[in-house]
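A short write-up of the structure that comes next.
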Amino acid sequence: MTGERDLNALLKDMKPELVNGTFVFCTLAPGVSIPATISPMLTFREREGTTLIIRHEEAERAGLRHDFPARLITLTVHSALDAVGFLAAITARLAEAGISVNAVSAFHHDHLFVPVDRADEAMAVLREMSGAKHS
(Lines give C-alpha, C1' and ligand atoms only; values in the text may rest on other atoms or scores of the structure.)
Protein backbone atom coordinates (compact mmCIF):
# COMPACT_ATOMS: atom_id res chain seq x y z
CA MET A 1 0.00 0.00 0.00
CA THR A 2 1.46 3.32 -1.09
CA GLY A 3 1.30 6.27 1.27
CA GLU A 4 -0.04 9.71 0.42
CA ARG A 5 2.42 12.24 -1.04
CA ASP A 6 0.16 15.20 -1.79
CA LEU A 7 0.71 17.85 0.88
CA ASN A 8 -2.84 19.23 0.72
CA ALA A 9 -4.33 15.76 1.10
CA LEU A 10 -1.95 14.92 3.95
CA LEU A 11 -2.87 18.07 5.86
CA LYS A 12 -6.60 17.68 5.22
CA ASP A 13 -6.65 13.99 6.17
CA MET A 14 -4.08 13.89 8.99
CA LYS A 15 -6.70 13.07 11.68
CA PRO A 16 -4.52 13.50 14.78
CA GLU A 17 -5.13 11.08 17.66
CA LEU A 18 -3.87 11.67 21.19
CA VAL A 19 -2.51 8.41 22.65
CA ASN A 20 -3.16 7.70 26.33
CA GLY A 21 -0.24 7.93 28.71
CA THR A 22 2.97 9.83 29.18
CA PHE A 23 6.12 8.93 27.30
CA VAL A 24 9.72 9.83 28.19
CA PHE A 25 13.09 9.77 26.45
CA CYS A 26 15.90 7.67 27.99
CA THR A 27 19.38 6.82 26.85
CA LEU A 28 21.52 3.75 27.44
CA ALA A 29 25.30 3.85 27.14
CA PRO A 30 26.84 2.17 24.09
CA GLY A 31 26.85 -1.61 24.49
CA VAL A 32 24.21 -1.65 27.26
CA SER A 33 21.31 -3.95 26.45
CA ILE A 34 17.71 -2.83 26.62
CA PRO A 35 16.19 -4.29 29.80
CA ALA A 36 13.89 -7.20 29.00
CA THR A 37 11.24 -5.72 31.32
CA ILE A 38 10.52 -2.74 29.06
CA SER A 39 8.89 -2.46 25.67
CA PRO A 40 10.14 0.70 23.94
CA MET A 41 7.89 2.60 21.56
CA LEU A 42 11.09 3.54 19.72
CA THR A 43 14.78 2.69 19.84
CA PHE A 44 17.45 4.57 17.95
CA ARG A 45 21.17 3.90 18.13
CA GLU A 46 23.54 6.85 18.07
CA ARG A 47 27.28 7.03 18.66
CA GLU A 48 26.63 8.25 22.21
CA GLY A 49 24.19 5.48 23.10
CA THR A 50 20.74 4.07 22.44
CA THR A 51 17.74 6.36 22.78
CA LEU A 52 14.54 4.78 24.04
CA ILE A 53 11.09 6.32 24.02
CA ILE A 54 9.05 4.46 26.61
CA ARG A 55 6.08 4.96 28.87
CA HIS A 56 6.92 6.96 31.98
CA GLU A 57 5.88 4.17 34.34
CA GLU A 58 8.21 1.72 32.57
CA ALA A 59 11.16 4.08 32.98
CA GLU A 60 10.35 4.50 36.67
CA ARG A 61 10.01 0.73 37.26
CA ALA A 62 13.30 0.06 35.45
CA GLY A 63 15.09 2.85 37.32
CA LEU A 64 16.04 4.60 34.09
CA ARG A 65 16.84 8.30 34.09
CA HIS A 66 14.54 10.07 31.70
CA ASP A 67 13.73 13.44 30.17
CA PHE A 68 10.97 15.26 28.24
CA PRO A 69 7.68 13.91 29.59
CA ALA A 70 5.52 13.95 26.48
CA ARG A 71 2.17 12.98 25.05
CA LEU A 72 2.09 11.13 21.77
CA ILE A 73 -0.02 12.38 18.89
CA THR A 74 -0.35 10.02 15.93
CA LEU A 75 -1.23 11.51 12.57
CA THR A 76 -3.38 8.69 11.24
CA VAL A 77 -3.12 9.53 7.54
CA HIS A 78 -0.89 6.99 5.76
CA SER A 79 1.93 9.28 4.68
CA ALA A 80 4.55 8.18 2.18
CA LEU A 81 8.05 8.01 3.55
CA ASP A 82 9.18 10.35 0.76
CA ALA A 83 6.34 12.88 1.18
CA VAL A 84 7.71 16.42 1.02
CA GLY A 85 6.80 19.18 3.45
CA PHE A 86 4.26 17.43 5.68
CA LEU A 87 6.21 17.44 8.92
CA ALA A 88 7.80 20.78 8.01
CA ALA A 89 4.35 22.39 7.79
CA ILE A 90 3.22 20.83 11.05
CA THR A 91 6.33 21.55 13.07
CA ALA A 92 6.44 25.13 11.76
CA ARG A 93 2.85 25.74 12.88
CA LEU A 94 3.51 24.19 16.30
CA ALA A 95 6.65 26.34 16.59
CA GLU A 96 4.55 29.45 15.86
CA ALA A 97 2.39 28.41 18.82
CA GLY A 98 5.51 27.96 20.98
CA ILE A 99 5.02 24.18 21.24
CA SER A 100 8.12 22.01 21.02
CA VAL A 101 7.80 18.73 19.17
CA ASN A 102 9.88 15.64 18.57
CA ALA A 103 8.64 14.08 15.35
CA VAL A 104 9.10 10.44 14.37
CA SER A 105 8.21 8.96 11.01
CA ALA A 106 7.34 5.28 10.90
CA PHE A 107 6.29 3.16 7.94
CA HIS A 108 2.59 4.06 7.97
CA HIS A 109 2.26 7.23 10.03
CA ASP A 110 4.03 10.22 11.51
CA HIS A 111 4.06 10.64 15.27
CA LEU A 112 4.57 13.76 17.38
CA PHE A 113 5.83 13.85 20.95
CA VAL A 114 4.77 17.13 22.56
CA PRO A 115 5.13 18.40 26.14
CA VAL A 116 2.49 16.90 28.44
CA ASP A 117 1.11 20.31 29.43
CA ARG A 118 0.76 21.46 25.78
CA ALA A 119 -0.87 18.34 24.28
CA ASP A 120 -4.42 19.71 24.18
CA GLU A 121 -3.19 22.92 22.60
CA ALA A 122 -1.16 20.97 20.02
CA MET A 123 -4.26 18.92 19.16
CA ALA A 124 -6.24 22.15 18.64
CA VAL A 125 -3.54 23.51 16.31
CA LEU A 126 -3.50 20.28 14.29
CA ARG A 127 -7.29 20.14 14.03
CA GLU A 128 -7.29 23.75 12.84
CA MET A 129 -4.66 22.93 10.22
CA SER A 130 -6.59 19.97 8.89
CA GLY A 131 -9.74 22.03 8.56
CA ALA A 132 -8.07 24.95 6.81
CA LYS A 133 -7.54 25.24 3.08
CA HIS A 134 -3.90 24.80 2.09
CA SER A 135 -2.27 26.05 -1.07
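Following the order of the C-alpha coordinates, chains are lettered A, B, ..., residues in each are numbered from 1, and ligands are numbered from 1.
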* To do: Would you return as a list of chain:residue names the members of segment 22-104 of chain A that DSSP assigns to helix (DSSP H, G or I) on this structure's backbone?
  =>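 Listing helix (DSSP H, G or I) positions across segment 22-104 of chain A yields A:His56, A:Glu57, A:Glu58, A:Ala59, A:Glu60, A:Arg61, A:Ala62, A:Phe86, A:Leu87, A:Ala88, A:Ala89, A:Ile90, A:Thr91, A:Ala92, A:Arg93, A:Leu94, A:Ala95, A:Glu96.
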* Close residues, segment 94-97 of chain A itself excluded, 10 Å, only C-alpha atoms, min 5 positions apart in chain, as a VMD selection string -> chain A and resid 88 to 89 114 118 121 to 123 125 to 126
Requested write-out: all heavy atoms of the selected residues, as a PDB file, in the first residue's frame:
```pdb
ATOM      1  N   ALA A  88       7.313  19.398   7.979  1.00  0.00           N
ATOM      2  CA  ALA A  88       7.797  20.780   8.014  1.00  0.00           C
ATOM      3  C   ALA A  88       6.644  21.738   8.271  1.00  0.00           C
ATOM      4  O   ALA A  88       6.752  22.663   9.088  1.00  0.00           O
ATOM      5  CB  ALA A  88       8.502  21.135   6.708  1.00  0.00           C
ATOM      6  N   ALA A  89       5.521  21.527   7.590  1.00  0.00           N
ATOM      7  CA  ALA A  89       4.349  22.392   7.789  1.00  0.00           C
ATOM      8  C   ALA A  89       3.819  22.273   9.209  1.00  0.00           C
ATOM      9  O   ALA A  89       3.490  23.271   9.853  1.00  0.00           O
ATOM     10  CB  ALA A  89       3.262  22.041   6.770  1.00  0.00           C
ATOM     11  N   VAL A 114       4.886  15.736  22.136  1.00  0.00           N
ATOM     12  CA  VAL A 114       4.769  17.133  22.560  1.00  0.00           C
ATOM     13  C   VAL A 114       4.745  17.184  24.082  1.00  0.00           C
ATOM     14  O   VAL A 114       4.360  16.211  24.734  1.00  0.00           O
ATOM     15  CB  VAL A 114       3.501  17.807  21.973  1.00  0.00           C
ATOM     16  CG1 VAL A 114       3.547  17.812  20.444  1.00  0.00           C
ATOM     17  CG2 VAL A 114       2.233  17.135  22.465  1.00  0.00           C
ATOM     18  N   ARG A 118       1.146  20.751  27.014  1.00  0.00           N
ATOM     19  CA  ARG A 118       0.761  21.457  25.780  1.00  0.00           C
ATOM     20  C   ARG A 118       0.019  20.550  24.795  1.00  0.00           C
ATOM     21  O   ARG A 118      -0.288  20.958  23.673  1.00  0.00           O
ATOM     22  CB  ARG A 118       2.003  22.038  25.088  1.00  0.00           C
ATOM     23  CG  ARG A 118       2.893  22.962  25.901  1.00  0.00           C
ATOM     24  CD  ARG A 118       2.270  24.282  26.287  1.00  0.00           C
ATOM     25  NE  ARG A 118       1.826  25.130  25.209  1.00  0.00           N
ATOM     26  CZ  ARG A 118       2.589  26.009  24.549  1.00  0.00           C
ATOM     27  NH1 ARG A 118       3.872  26.139  24.835  1.00  0.00           N
ATOM     28  NH2 ARG A 118       2.059  26.772  23.600  1.00  0.00           N
ATOM     29  N   GLU A 121      -3.401  21.788  23.489  1.00  0.00           N
ATOM     30  CA  GLU A 121      -3.188  22.925  22.596  1.00  0.00           C
ATOM     31  C   GLU A 121      -2.640  22.456  21.241  1.00  0.00           C
ATOM     32  O   GLU A 121      -3.066  22.934  20.183  1.00  0.00           O
ATOM     33  CB  GLU A 121      -2.234  23.917  23.250  1.00  0.00           C
ATOM     34  CG  GLU A 121      -2.071  25.202  22.489  1.00  0.00           C
ATOM     35  CD  GLU A 121      -1.114  26.167  23.184  1.00  0.00           C
ATOM     36  OE1 GLU A 121      -0.688  25.911  24.333  1.00  0.00           O
ATOM     37  OE2 GLU A 121      -0.796  27.190  22.552  1.00  0.00           O
ATOM     38  N   ALA A 122      -1.713  21.506  21.268  1.00  0.00           N
ATOM     39  CA  ALA A 122      -1.163  20.965  20.022  1.00  0.00           C
ATOM     40  C   ALA A 122      -2.267  20.296  19.203  1.00  0.00           C
ATOM     41  O   ALA A 122      -2.337  20.475  17.982  1.00  0.00           O
ATOM     42  CB  ALA A 122      -0.041  19.971  20.318  1.00  0.00           C
ATOM     43  N   MET A 123      -3.137  19.559  19.866  1.00  0.00           N
ATOM     44  CA  MET A 123      -4.256  18.920  19.161  1.00  0.00           C
ATOM     45  C   MET A 123      -5.149  19.975  18.509  1.00  0.00           C
ATOM     46  O   MET A 123      -5.588  19.798  17.366  1.00  0.00           O
ATOM     47  CB  MET A 123      -5.063  18.050  20.119  1.00  0.00           C
ATOM     48  CG  MET A 123      -4.381  16.742  20.495  1.00  0.00           C
ATOM     49  SD  MET A 123      -4.249  15.592  19.119  1.00  0.00           S
ATOM     50  CE  MET A 123      -5.970  15.144  18.884  1.00  0.00           C
ATOM     51  N   VAL A 125      -4.275  22.964  17.461  1.00  0.00           N
ATOM     52  CA  VAL A 125      -3.540  23.508  16.314  1.00  0.00           C
ATOM     53  C   VAL A 125      -3.642  22.550  15.129  1.00  0.00           C
ATOM     54  O   VAL A 125      -3.909  22.960  13.996  1.00  0.00           O
ATOM     55  CB  VAL A 125      -2.061  23.779  16.681  1.00  0.00           C
ATOM     56  CG1 VAL A 125      -1.222  24.055  15.440  1.00  0.00           C
ATOM     57  CG2 VAL A 125      -1.950  24.929  17.669  1.00  0.00           C
ATOM     58  N   LEU A 126      -3.453  21.268  15.372  1.00  0.00           N
ATOM     59  CA  LEU A 126      -3.497  20.275  14.294  1.00  0.00           C
ATOM     60  C   LEU A 126      -4.899  20.164  13.695  1.00  0.00           C
ATOM     61  O   LEU A 126      -5.050  20.065  12.479  1.00  0.00           O
ATOM     62  CB  LEU A 126      -3.029  18.916  14.813  1.00  0.00           C
ATOM     63  CG  LEU A 126      -1.563  18.863  15.255  1.00  0.00           C
ATOM     64  CD1 LEU A 126      -1.267  17.562  15.968  1.00  0.00           C
ATOM     65  CD2 LEU A 126      -0.629  19.073  14.074  1.00  0.00           C
TER      66      LEU A 126
END
```
* To do: Return as a PyMOL selection string the full set of residues in chain A whose backbone-based DSSP assignment is strand (DSSP E).
  => chain A and resi 16-28+42-46+49-55+67-75+102-105+110-115
Between segment 77-131 of chain A and segment 55-70 of chain A, at 7 Å or less, what are the per-residue closest atom pairs and their distances in Å? Count only C-alpha atoms, order by chain and rising residue number, and return it as a Markdown table.
```
| residue | atom | partner | partner_atom | distance |
| --- | --- | --- | --- | --- |
| A:Phe113 | CA | A:Ala70 | CA | 5.5 |
| A:Val114 | CA | A:Ala70 | CA | 5.1 |
| A:Pro115 | CA | A:Ala70 | CA | 4.5 |
| A:Val116 | CA | A:Ala70 | CA | 4.7 |
```
* Near-Ala124 of chain A list (12 Å; only C-alpha atoms; drop same-chain fewer than 4 positions) as a VMD selection string -> chain A and resid 15 to 18 73 93 to 94 97 99 118 to 120 128 to 131
* Asked: How far is it from atom CA of Ala9 of chain A to atom CA of Val77 of chain A, in Å with one decimal?
  -> 9.0 Å
* Within 10 Å of Gly85 of chain A using only C-alpha atoms, minus same-chain residues under 3 positions, as a count of residues only -> 9
* To do: Between atom CA of Asp117 of chain A and atom CA of Ile54 of chain A, measure the distance and give it in Å to one decimal.
  =>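 Atom-to-atom, atom CA of Asp117 of chain A to atom CA of Ile54 of chain A, that is 18.0 Å.
Closest to Val101 of chain A among A:Arg71, A:Arg127, A:Met14, A:Pro30 is A:Arg71, based on only C-alpha atoms.
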